[in-house]
$ cat run_21.cif   # mmCIF, C-alpha atoms and all ligand atoms
data_final
loop_
_atom_site.label_atom_id
_atom_site.label_comp_id
_atom_site.auth_asym_id
_atom_site.auth_seq_id
_atom_site.Cartn_x
_atom_site.Cartn_y
_atom_site.Cartn_z
CA MET F 21 -32.92 16.04 -7.37
CA THR F 22 -31.53 18.58 -9.82
CA LYS F 23 -30.15 17.65 -13.19
CA ALA F 24 -26.57 18.61 -14.00
CA THR F 25 -26.30 20.54 -17.23
CA THR F 26 -22.75 19.67 -18.29
CA LYS F 27 -22.75 18.39 -21.86
CA ILE F 28 -19.88 16.08 -22.63
CA GLY F 29 -20.50 15.62 -26.27
CA ASP F 30 -21.45 12.12 -27.33
CA HIS F 31 -24.68 10.29 -27.86
CA LEU F 32 -24.43 7.85 -24.93
CA GLU F 33 -23.62 10.46 -22.36
CA LYS F 34 -26.35 13.05 -22.64
CA ASP F 35 -26.75 15.00 -19.44
CA ILE F 36 -25.12 13.48 -16.39
CA VAL F 37 -27.75 12.83 -13.74
CA PRO F 38 -26.24 12.90 -10.30
CA ASN F 39 -27.06 10.02 -7.97
CA GLU F 40 -28.84 10.49 -4.66
CA ARG F 41 -25.71 11.84 -3.08
CA ASN F 42 -25.24 14.24 -5.98
CA THR F 43 -21.71 13.05 -6.44
CA VAL F 44 -21.24 12.18 -10.10
CA LEU F 45 -19.29 15.02 -11.66
CA VAL F 46 -17.63 15.75 -14.97
CA GLU F 47 -14.17 17.25 -15.02
CA GLU F 48 -11.53 18.04 -17.58
CA ALA F 49 -8.59 16.73 -15.59
CA GLU F 50 -5.11 17.97 -16.39
CA ILE F 51 -2.33 15.39 -16.14
CA LEU F 52 0.07 16.71 -13.50
CA SER F 53 2.58 13.86 -13.56
CA THR F 54 3.16 10.47 -15.13
CA LYS F 55 5.25 7.52 -13.96
CA ALA F 56 6.02 4.36 -15.91
CA TYR F 57 6.82 1.02 -14.26
CA ASP F 58 7.87 -2.38 -15.53
CA GLY F 59 5.09 -4.58 -16.84
CA ALA F 60 3.50 -1.71 -18.84
CA GLN F 61 2.10 -0.15 -15.67
CA TYR F 62 1.57 3.59 -15.32
CA ALA F 63 0.58 6.02 -12.60
CA LEU F 64 -1.04 9.36 -13.41
CA ARG F 65 -1.70 12.27 -11.09
CA LEU F 66 -4.68 14.28 -12.33
CA ARG F 67 -5.89 17.73 -11.32
CA SER F 68 -9.50 16.95 -10.46
CA PRO F 69 -10.48 19.04 -7.44
CA ARG F 70 -14.16 18.20 -7.28
CA VAL F 71 -13.61 14.44 -7.60
CA ALA F 72 -10.72 14.67 -5.11
CA ALA F 73 -13.07 16.35 -2.64
CA ARG F 74 -15.64 13.56 -2.85
CA GLY F 75 -13.74 10.39 -3.77
CA LYS F 76 -13.77 7.49 -1.31
CA ALA F 77 -11.89 4.21 -1.30
CA GLY F 78 -13.61 1.90 -3.80
CA HIS F 79 -14.95 4.73 -6.00
CA PHE F 80 -13.82 4.85 -9.60
CA VAL F 81 -13.66 7.42 -12.39
CA HIS F 82 -14.83 6.76 -15.92
CA LEU F 83 -12.37 8.41 -18.21
CA ARG F 84 -11.82 9.11 -21.86
CA CYS F 85 -8.37 7.72 -22.53
CA ALA F 86 -7.94 9.77 -25.72
CA PRO F 87 -10.16 12.32 -27.48
CA GLU F 88 -10.84 9.97 -30.40
CA LEU F 89 -12.03 7.14 -28.13
CA TRP F 90 -15.62 7.85 -27.16
CA LEU F 91 -16.14 4.79 -24.91
CA ARG F 92 -14.77 5.59 -21.50
CA ARG F 93 -12.73 3.20 -19.33
CA PRO F 94 -13.24 2.71 -15.57
CA MET F 95 -10.23 3.29 -13.28
CA SER F 96 -10.17 3.09 -9.51
CA ILE F 97 -9.09 6.12 -7.57
CA MET F 98 -5.84 5.19 -5.81
CA ARG F 99 -5.45 8.37 -3.79
CA ALA F 100 -7.36 11.62 -3.53
CA ASN F 101 -6.03 14.82 -2.03
CA SER F 102 -8.84 17.27 -1.45
CA LYS F 103 -6.50 19.98 -0.17
CA HIS F 104 -4.40 20.06 -3.31
CA GLY F 105 -7.14 18.91 -5.67
CA TRP F 106 -5.54 15.86 -7.25
CA ILE F 107 -6.30 12.18 -7.66
CA ASP F 108 -3.93 9.34 -8.56
CA ILE F 109 -4.72 6.39 -10.79
CA LEU F 110 -2.60 3.35 -11.57
CA PHE F 111 -3.21 1.19 -14.61
CA LYS F 112 -1.82 -1.55 -16.77
CA ALA F 113 -1.69 -0.82 -20.51
CA HIS F 114 -2.96 -3.90 -22.33
CA GLY F 115 -5.78 -2.93 -24.72
CA THR F 116 -6.77 -0.10 -27.04
CA GLY F 117 -7.82 2.39 -24.37
CA THR F 118 -5.17 1.80 -21.77
CA LYS F 119 -2.40 1.86 -24.41
CA LEU F 120 -3.66 5.26 -25.61
CA LEU F 121 -3.85 6.43 -22.01
CA ALA F 122 -0.22 5.44 -21.50
CA GLU F 123 0.74 7.80 -24.35
CA ARG F 124 -0.82 10.88 -22.75
CA ASN F 125 1.58 13.51 -21.46
CA VAL F 126 1.85 16.00 -18.62
CA GLY F 127 -0.32 19.02 -19.47
CA ASP F 128 -2.85 16.99 -21.50
CA THR F 129 -6.40 16.89 -20.22
CA LEU F 130 -8.65 13.85 -19.78
CA SER F 131 -12.40 14.02 -19.58
CA LEU F 132 -13.52 12.08 -16.55
CA ILE F 133 -16.76 11.33 -14.75
CA GLY F 134 -16.69 10.48 -11.09
CA PRO F 135 -16.52 9.54 -8.37
CA ILE F 136 -18.79 6.61 -9.28
CA GLY F 137 -20.10 3.63 -7.38
CA LYS F 138 -20.55 2.32 -3.91
CA PRO F 139 -17.26 2.50 -2.01
CA PHE F 140 -15.90 0.23 0.70
CA LYS F 141 -17.57 0.79 4.05
CA GLN F 142 -16.29 3.94 5.70
CA GLU F 143 -16.70 3.20 9.41
CA ASN F 144 -17.36 0.56 12.08
CA TYR F 145 -14.34 -1.54 11.26
CA CYS F 146 -13.27 -4.65 13.14
CA ARG F 147 -9.99 -4.35 14.99
CA ARG F 148 -7.97 -6.09 12.30
CA PRO F 149 -8.93 -5.16 8.75
CA LEU F 150 -7.08 -7.36 6.24
CA LEU F 151 -6.77 -5.61 2.87
CA ILE F 152 -5.91 -7.75 -0.16
CA GLY F 153 -5.06 -6.26 -3.57
CA GLY F 154 -4.14 -8.21 -6.67
CA GLY F 155 -2.63 -6.66 -9.83
CA VAL F 156 -4.65 -3.67 -10.97
CA GLY F 157 -6.80 -4.21 -7.87
CA ILE F 158 -4.05 -2.65 -5.78
CA PRO F 159 -5.19 1.02 -6.21
CA PRO F 160 -8.39 0.95 -4.12
CA ILE F 161 -6.54 -0.98 -1.43
CA VAL F 162 -3.98 1.84 -1.17
CA PHE F 163 -6.83 4.34 -0.87
CA LEU F 164 -8.55 2.28 1.84
CA ALA F 165 -5.26 1.90 3.74
CA GLU F 166 -4.86 5.68 3.78
CA HIS F 167 -8.46 6.14 4.91
CA LEU F 168 -7.97 3.68 7.80
CA ARG F 169 -4.70 5.29 8.83
CA GLU F 170 -6.41 8.68 9.03
CA ARG F 171 -8.91 7.08 11.44
CA SER F 172 -6.18 5.43 13.54
CA VAL F 173 -7.32 1.97 12.47
CA SER F 174 -4.35 -0.31 11.85
CA PRO F 175 -4.88 -2.65 8.90
CA LEU F 176 -2.69 -5.40 7.50
CA ILE F 177 -2.10 -5.14 3.75
CA MET F 178 -1.31 -7.98 1.35
CA MET F 179 -0.66 -7.40 -2.32
CA GLY F 180 -0.06 -9.88 -5.10
CA SER F 181 1.29 -9.43 -8.61
CA GLU F 182 2.59 -11.63 -11.39
CA VAL F 183 4.31 -8.71 -13.10
CA PRO F 184 6.86 -6.54 -11.26
CA PHE F 185 5.15 -4.46 -8.57
CA PRO F 186 4.55 -0.83 -9.60
CA PHE F 187 6.91 0.40 -6.88
CA PRO F 188 10.35 -0.63 -5.61
CA VAL F 189 9.90 -3.61 -3.27
CA THR F 190 11.74 -2.81 -0.04
CA PRO F 191 12.33 -4.82 3.16
CA SER F 192 9.94 -3.88 5.95
CA GLN F 193 11.00 -3.12 9.51
CA LEU F 194 7.46 -3.78 10.74
CA LEU F 195 7.09 -7.30 12.13
CA ILE F 196 3.90 -9.29 11.51
CA ASP F 197 3.01 -12.34 13.61
CA GLY F 198 2.00 -15.27 11.49
CA ILE F 199 4.01 -14.35 8.39
CA PRO F 200 7.18 -16.33 7.55
CA ASN F 201 10.27 -14.34 8.63
CA HIS F 202 11.85 -14.36 5.20
CA VAL F 203 8.80 -12.63 3.70
CA THR F 204 9.79 -8.99 4.26
CA GLY F 205 8.94 -7.21 1.00
CA THR F 206 6.63 -4.21 1.30
CA MET F 207 5.40 -1.15 -0.57
CA PRO F 208 7.50 1.88 0.51
CA LEU F 209 4.39 4.05 0.88
CA MET F 210 2.91 1.60 3.41
CA GLU F 211 6.19 1.54 5.33
CA ASP F 212 6.20 5.36 5.40
CA TRP F 213 2.67 5.27 6.78
CA GLY F 214 3.65 2.68 9.42
CA ILE F 215 1.20 0.14 7.97
CA PRO F 216 2.33 -3.50 7.95
CA CYS F 217 2.25 -4.88 4.43
CA ARG F 218 3.57 -7.97 2.66
CA LEU F 219 3.79 -8.94 -0.99
CA ALA F 220 3.21 -12.24 -2.77
CA SER F 221 4.06 -13.49 -6.23
CA ARG F 222 4.75 -16.73 -8.04
CA GLN F 223 7.52 -15.04 -10.03
CA GLY F 224 10.21 -15.41 -7.35
CA PHE F 225 10.58 -11.68 -6.59
CA ALA F 226 13.05 -11.11 -3.72
CA GLY F 227 11.43 -10.69 -0.30
CA CYS F 228 7.98 -11.76 -1.53
CA PHE F 229 5.92 -14.75 -0.44
CA ASP F 230 6.26 -17.46 -3.08
CA GLY F 231 2.65 -18.17 -3.98
CA PHE F 232 -0.70 -16.49 -4.43
CA VAL F 233 -1.61 -13.61 -2.16
CA THR F 234 -4.64 -15.63 -1.02
CA GLU F 235 -2.28 -18.39 0.20
CA LEU F 236 -0.39 -15.81 2.24
CA ALA F 237 -3.70 -14.52 3.64
CA THR F 238 -4.79 -18.07 4.58
CA HIS F 239 -1.45 -18.64 6.32
CA TRP F 240 -1.92 -15.49 8.43
CA ILE F 241 -5.59 -16.12 9.22
CA LYS F 242 -4.88 -19.72 10.33
CA PHE F 243 -2.20 -18.43 12.67
CA HIS F 244 -4.65 -16.01 14.31
CA ARG F 245 -7.95 -17.74 13.88
CA GLU F 246 -8.80 -19.06 17.32
CA GLU F 247 -7.76 -15.95 19.21
CA HIS F 248 -8.89 -13.23 16.88
CA ASN F 249 -11.27 -14.47 14.22
CA GLU F 250 -14.08 -12.15 15.21
CA GLU F 251 -11.72 -9.20 14.96
CA ILE F 252 -10.71 -9.85 11.36
CA GLU F 253 -12.58 -8.51 8.36
CA VAL F 254 -11.42 -8.65 4.79
CA PHE F 255 -11.50 -6.09 1.97
CA ALA F 256 -10.26 -7.12 -1.47
CA CYS F 257 -9.95 -6.00 -5.06
CA GLY F 258 -8.32 -7.88 -7.91
CA PRO F 259 -8.91 -10.36 -10.69
CA THR F 260 -12.08 -12.45 -10.48
CA LEU F 261 -10.23 -15.68 -9.69
CA MET F 262 -8.51 -13.99 -6.76
CA LEU F 263 -11.83 -12.58 -5.53
CA LYS F 264 -13.42 -16.03 -5.71
CA ALA F 265 -10.56 -17.39 -3.61
CA VAL F 266 -10.99 -14.55 -1.11
CA ALA F 267 -14.74 -15.24 -0.92
CA ASN F 268 -13.96 -18.91 -0.18
CA ILE F 269 -11.53 -17.91 2.58
CA ALA F 270 -14.14 -15.60 4.12
CA ARG F 271 -16.70 -18.40 4.05
CA GLN F 272 -14.25 -20.99 5.43
CA PHE F 273 -13.19 -18.84 8.37
CA ASN F 274 -16.55 -17.09 8.82
CA LEU F 275 -15.13 -13.60 8.25
CA LYS F 276 -16.90 -10.43 7.20
CA CYS F 277 -15.72 -9.52 3.74
CA GLN F 278 -16.27 -6.84 1.09
CA LEU F 279 -15.10 -7.33 -2.49
CA SER F 280 -14.70 -4.76 -5.25
CA LEU F 281 -15.65 -6.33 -8.59
CA GLU F 282 -14.45 -5.56 -12.09
CA GLU F 283 -16.72 -5.88 -15.09
CA PHE F 284 -16.69 -4.55 -18.64
CA MET F 285 -18.52 -1.22 -18.64
CA ALA F 286 -20.04 1.01 -21.28
CA CYS F 287 -21.93 3.95 -19.72
CA GLY F 288 -20.57 3.51 -16.19
CA LEU F 289 -23.64 5.34 -14.94
CA GLY F 290 -26.25 2.65 -14.47
CA GLY F 291 -28.02 3.30 -17.76
CA CYS F 292 -27.03 0.53 -20.15
CA ALA F 293 -27.27 -2.60 -17.98
CA GLY F 294 -23.95 -3.66 -19.47
CA CYS F 295 -22.24 -4.67 -16.23
CA PRO F 296 -24.57 -7.09 -14.43
CA VAL F 297 -23.65 -9.45 -11.61
CA GLU F 298 -25.90 -11.93 -9.79
CA VAL F 299 -26.37 -11.04 -6.15
CA ARG F 300 -28.37 -12.53 -3.27
CA THR F 301 -30.77 -10.00 -1.75
CA SER F 302 -33.43 -10.20 0.96
CA GLU F 303 -35.94 -10.66 -1.88
CA GLY F 304 -34.02 -13.44 -3.61
CA VAL F 305 -31.41 -13.45 -6.37
CA ALA F 306 -31.22 -10.18 -8.35
CA MET F 307 -29.12 -8.72 -11.14
CA LYS F 308 -27.13 -5.72 -9.92
CA ARG F 309 -25.04 -3.25 -11.89
CA VAL F 310 -21.38 -3.29 -10.92
CA CYS F 311 -20.99 0.39 -11.85
CA VAL F 312 -23.58 1.94 -9.54
CA ASP F 313 -24.81 -0.84 -7.24
CA GLY F 314 -21.13 -1.80 -6.74
CA PRO F 315 -18.31 -2.09 -7.47
CA VAL F 316 -18.11 -3.03 -3.77
CA PHE F 317 -20.42 -5.84 -2.61
CA GLU F 318 -20.63 -8.02 0.47
CA SER F 319 -18.74 -11.16 -0.41
CA ALA F 320 -21.47 -13.47 0.89
CA ASP F 321 -24.00 -11.87 -1.49
CA ILE F 322 -22.08 -12.38 -4.72
CA ILE F 323 -22.90 -15.33 -6.96
CA PHE F 324 -19.79 -15.82 -9.05
CA ALA F 325 -20.38 -17.04 -12.59
C1 LIG W 1 -14.60 -0.48 -11.24
C2 LIG W 1 -13.36 -0.79 -12.06
C3 LIG W 1 -12.14 -0.28 -11.66
C4 LIG W 1 -11.00 -0.55 -12.41
N1 LIG W 1 -9.82 -0.04 -11.98
C5 LIG W 1 -8.71 -0.27 -12.68
C6 LIG W 1 -7.46 0.26 -12.25
O1 LIG W 1 -7.38 0.95 -11.22
N2 LIG W 1 -6.37 0.02 -13.01
C7 LIG W 1 -6.44 -0.74 -14.15
O2 LIG W 1 -5.42 -0.94 -14.79
N3 LIG W 1 -7.59 -1.25 -14.57
C8 LIG W 1 -8.73 -1.05 -13.88
N4 LIG W 1 -9.91 -1.55 -14.31
C9 LIG W 1 -9.90 -2.32 -15.56
C10 LIG W 1 -9.86 -1.35 -16.74
O3 LIG W 1 -11.04 -0.60 -16.78
C11 LIG W 1 -9.70 -2.14 -18.04
O4 LIG W 1 -8.41 -2.70 -18.03
C12 LIG W 1 -9.86 -1.23 -19.23
O5 LIG W 1 -11.20 -0.83 -19.39
C13 LIG W 1 -9.43 -1.95 -20.49
O6 LIG W 1 -9.53 -1.06 -21.55
P1 LIG W 1 -8.70 -1.31 -22.87
O7 LIG W 1 -9.30 -0.47 -23.95
O8 LIG W 1 -7.26 -1.12 -22.63
O9 LIG W 1 -8.91 -2.85 -23.13
P2 LIG W 1 -9.79 -3.62 -24.22
O10 LIG W 1 -9.80 -5.04 -23.84
O11 LIG W 1 -9.27 -3.27 -25.56
O12 LIG W 1 -11.24 -3.07 -24.03
C14 LIG W 1 -11.81 -2.21 -24.94
C15 LIG W 1 -13.25 -1.91 -24.61
O13 LIG W 1 -14.06 -2.98 -24.99
C16 LIG W 1 -14.87 -3.35 -23.94
N5 LIG W 1 -14.94 -4.80 -23.98
C17 LIG W 1 -13.93 -5.65 -24.18
N6 LIG W 1 -14.40 -6.93 -24.16
C18 LIG W 1 -15.73 -6.84 -23.93
C19 LIG W 1 -16.78 -7.80 -23.76
N7 LIG W 1 -16.55 -9.11 -23.82
N8 LIG W 1 -18.02 -7.35 -23.52
C20 LIG W 1 -18.28 -6.03 -23.44
N9 LIG W 1 -17.33 -5.09 -23.59
C21 LIG W 1 -16.08 -5.49 -23.83
C22 LIG W 1 -14.23 -2.85 -22.66
O14 LIG W 1 -15.21 -2.51 -21.71
C23 LIG W 1 -13.51 -1.65 -23.13
O15 LIG W 1 -14.37 -0.56 -23.02
C24 LIG W 1 -11.07 -1.32 -13.59
C25 LIG W 1 -12.30 -1.83 -14.00
C26 LIG W 1 -13.42 -1.58 -13.24
C27 LIG W 1 -14.75 -2.11 -13.67
S1 LIG W 2 -21.90 0.16 -17.39
FE1 LIG W 2 -23.87 0.80 -18.05
S2 LIG W 2 -25.10 0.06 -16.41
FE2 LIG W 2 -23.10 -0.35 -15.70
#
$ encode --input "run_21.cif" --output "C-alpha cells"
Amino acid sequence: MTKATTKIGDHLEKDIVPNERNTVLVEEAEILSTKAYDGAQYALRLRSPRVAARGKAGHFVHLRCAPELWLRRPMSIMRANSKHGWIDILFKAHGTGTKLLAERNVGDTLSLIGPIGKPFKQENYCRRPLLIGGGVGIPPIVFLAEHLRERSVSPLIMMGSEVPFPFPVTPSQLLIDGIPNHVTGTMPLMEDWGIPCRLASRQGFAGCFDGFVTELATHWIKFHREEHNEEIEVFACGPTLMLKAVANIARQFNLKCQLSLEEFMACGLGGCAGCPVEVRTSEGVAMKRVCVDGPVFESADIIFA
C-alpha cells in the first residue's frame, strides 16, 4: 500500500493513509450551488471529481465547514456524478459547524476527505428493497435509490421528517399496494425517476402518513408479509431511535436489513477510536469504529446502547 502525500495542515490529520481500496482522498471542493429549505436545511453541490468517481451509497465525506474550524464534520454523499465531477450533500444547520457551513457561498472551497466508510451493499438485492430515511438520514437513501434504478432494481422508498421536507412534497401518480390511498406525498426526484416513494410525519403535512416512518413501513410489510417476506430487504439511515425501531421490525418480520449509523466523529479515518459501536461478530462482541468499519452494518449485528 502506498502512502498519500497530501498534507492538509493540522496536527490530527498528518498524511492521509488510503484504505485497502485506496479510496480516501483529499480535495478542495468548490461550492457550485447552494439551496436553502425550511427547517434550516441546506443542499450544496460541490465540485469534487475524484470523490464523485468513487463515492457509493452509504459513503460519507469528512469536511471542514469553515477554515477556522479544524475539526471536520461527517456528511453523507447524497448524489455523485462522475461524468460532471460533482457530489451533493444535504444537511441541517444546528450546531457550530453546520451553522458555519450554511454561511458558505458559491465559489468558496471546502476541504474534504472521502469517500469514507463501508457503503450499503452494491449487488445481490432481494426483489423488493425497502429504503427508509429519517431526517438527515435521507441523503444516503437518495443515493441508494439512484444506484438501484441504474441497475433496474425497483425499490420502495419511505422518508420521515418532523421538520418540513427539504423538497416540495408533491402527489405521486405511482400506486403502492398496502399504503393507505390518502397517503400520496412523494419526493419529486423519486417521481421523476419512476420510483415509488411515500412520506411520513407527525406534523400533519399534507399528503403524508400521519405517524412515524417506521409505522408506515410496518403497515406495508404486514400487508405483504405472507406472500413476499423473503423478497423484502430493508436499508435505513436516520436518527438512532428510528434505527432501533427499524432493527426491531427486521427482527419481528425476519427481514435482511442494513443500517447506516451516526456517531460523533473526530478523525473520521479510524485513528482516534472516537466513534465506537458494539457489534456481534463470529468471534463474539467487538467494538467497531463507525467511520471505517461502518457506517453501514448488518442490523442483526448491532448492539444498540
Ligand atoms: C456517517 C455520518 C453521516 C452524516 N451525514 C449527515 C448528513 O448527510 N446531513 C446532516 O445534516 N448530518 C449528517 N451527519 C451528522 C452531522 O455530522 C452532524 O450534525 C454534525 O457533525 C454536527 O456538527 P455541528 O458542529 O453543527 O454540531 P455540534 O453539536 O456543535 O458538534 C460540534 C462538534 O463536537 C462534537 N461533539 C459534540 N458532542 C460530542 C460528544 N458528546 N462527544 C464527542 N464529540 C462531540 C461533534 O462531533 C462535532 O464535531 C452525519 C453523521 C455521520 C456520522
Ligand atoms: S472518528 Fe476517529 S476512529 Fe472513527
$ residues_near_ligand --input "run_21.cif" --ligand "ligand LIG 1 (chain W)" --cutoff "8 Å" --atoms "only C-alpha atoms and all ligand atoms" --output "MDAnalysis selection string"
chainID F and resid 61 78:81 91:98 109:120 137 156:160 280:286 294 310:311 315
$ closest_residue --input "run_21.cif" --among "F:Met179, F:Cys287, F:Leu150, F:Val299" --to "ligand LIG 2 (chain W)" --atoms "all atoms listed in the file"
F:Cys287
$ closest_residue --input "run_21.cif" --among "F:Ile136, F:Phe317, F:Ile323, F:Arg70" --to "ligand LIG 2 (chain W)" --atoms "only C-alpha atoms and all ligand atoms"
F:Ile136
$ residues_near_point --input "run_21.cif" --point "(-18.6, -5.7, -1.2)" --cutoff "7 Å" --atoms "all atoms listed in the file" --output "list in words"
Phe140, Cys277, Gln278, Leu279, Ser280, Val316, Phe317, Glu318 and Ser319 of chain F
$ closest_residue --input "run_21.cif" --among "F:Ala72, F:Ala267, F:Glu123, F:Cys85" --to "F:Ser102" --atoms "all atoms listed in the file"
F:Ala72
$ closest_residue --input "run_21.cif" --among "F:Ile177, F:Val126, F:Leu289, F:Leu194" --to "F:Pro149" --atoms "all atoms listed in the file"
F:Ile177
$ atom_distance --input "run_21.cif" --atom1 "atom CA of F:Arg147" --atom2 "atom CA of F:Phe229"
24.5 Å
$ atom_distance --input "run_21.cif" --atom1 "atom CA of F:Asp212" --atom2 "atom CA of F:Gln193"
10.6 Å
$ residues_around --input "run_21.cif" --residues "stretch 162-172 of chain F" --least-positions-apart "6" --cutoff "10 Å" --atoms "all atoms listed in the file" --output "count of residues only"
30
$ closest_residue --input "run_21.cif" --among "F:Ser181, F:Ser131, F:Ser68, F:Thr204" --to "F:Arg218" --atoms "all atoms listed in the file"
F:Thr204
$ atom_distance --input "run_21.cif" --atom1 "atom CA of F:Ala226" --atom2 "atom CA of F:Glu182"
13.0 Å
$ closest_residue --input "run_21.cif" --among "F:Gly154, F:Gly290, F:Pro208, F:Pro259" --to "ligand LIG 2 (chain W)" --atoms "only C-alpha atoms and all ligand atoms"
F:Gly290
$ residues_around --input "run_21.cif" --residues "F:Ile196" --least-positions-apart "5" --cutoff "10 Å" --atoms "all atoms listed in the file" --output "list in words"
Leu176, Asn201, Val203, Thr204, Pro216, Cys217, Arg218 and Trp240 of chain F
$ residues_around --input "run_21.cif" --residues "F:Pro184" --least-positions-apart "4" --cutoff "10 Å" --atoms "only C-alpha atoms" --output "PDB file with C-alpha atoms, in the frame of the given file"
ATOM      1  CA  TYR F  57       6.820   1.020 -14.260  1.00  0.00           C
ATOM      2  CA  ASP F  58       7.870  -2.380 -15.530  1.00  0.00           C
ATOM      3  CA  GLY F  59       5.090  -4.580 -16.840  1.00  0.00           C
ATOM      4  CA  ALA F  60       3.500  -1.710 -18.840  1.00  0.00           C
ATOM      5  CA  GLN F  61       2.100  -0.150 -15.670  1.00  0.00           C
ATOM      6  CA  GLY F 155      -2.630  -6.660  -9.830  1.00  0.00           C
ATOM      7  CA  GLY F 180      -0.060  -9.880  -5.100  1.00  0.00           C
ATOM      8  CA  PRO F 188      10.350  -0.630  -5.610  1.00  0.00           C
ATOM      9  CA  VAL F 189       9.900  -3.610  -3.270  1.00  0.00           C
ATOM     10  CA  SER F 221       4.060 -13.490  -6.230  1.00  0.00           C
ATOM     11  CA  GLN F 223       7.520 -15.040 -10.030  1.00  0.00           C
ATOM     12  CA  PHE F 225      10.580 -11.680  -6.590  1.00  0.00           C
TER      13      PHE F 225
END
$ closest_atom_pairs --input "run_21.cif" --of "stretch 81-195 of chain F" --to "stretch 41-55 of chain F" --cutoff "6 Å" --atoms "only C-alpha atoms" --output "tab-separated table"
residue	atom	partner	partner_atom	distance
F:Val126	CA	F:Ile51	CA	4.9
F:Gly127	CA	F:Ile51	CA	5.3
F:Asp128	CA	F:Ile51	CA	5.6
F:Thr129	CA	F:Glu50	CA	4.2
F:Leu130	CA	F:Ala49	CA	5.1
F:Ser131	CA	F:Glu48	CA	4.6
F:Leu132	CA	F:Glu47	CA	5.4
F:Ile133	CA	F:Val46	CA	4.5
F:Gly134	CA	F:Val44	CA	5.0
F:Pro135	CA	F:Val44	CA	5.7
$ residues_near_point --input "run_21.cif" --point "(-1.2, -16.1, 10.6)" --cutoff "7 Å" --atoms "all atoms listed in the file" --output "PyMOL selection string"
chain F and resi 197-199+239-244
$ axis_aligned_box --input "run_21.cif" --around "stretch 43-50 of chain F" --padding-each-side "8 Å" --output "AutoDock Vina command-line options"
--center_x -13.4 --center_y 15.1 --center_z -12.0 --size_x 32.6 --size_y 21.9 --size_z 27.1
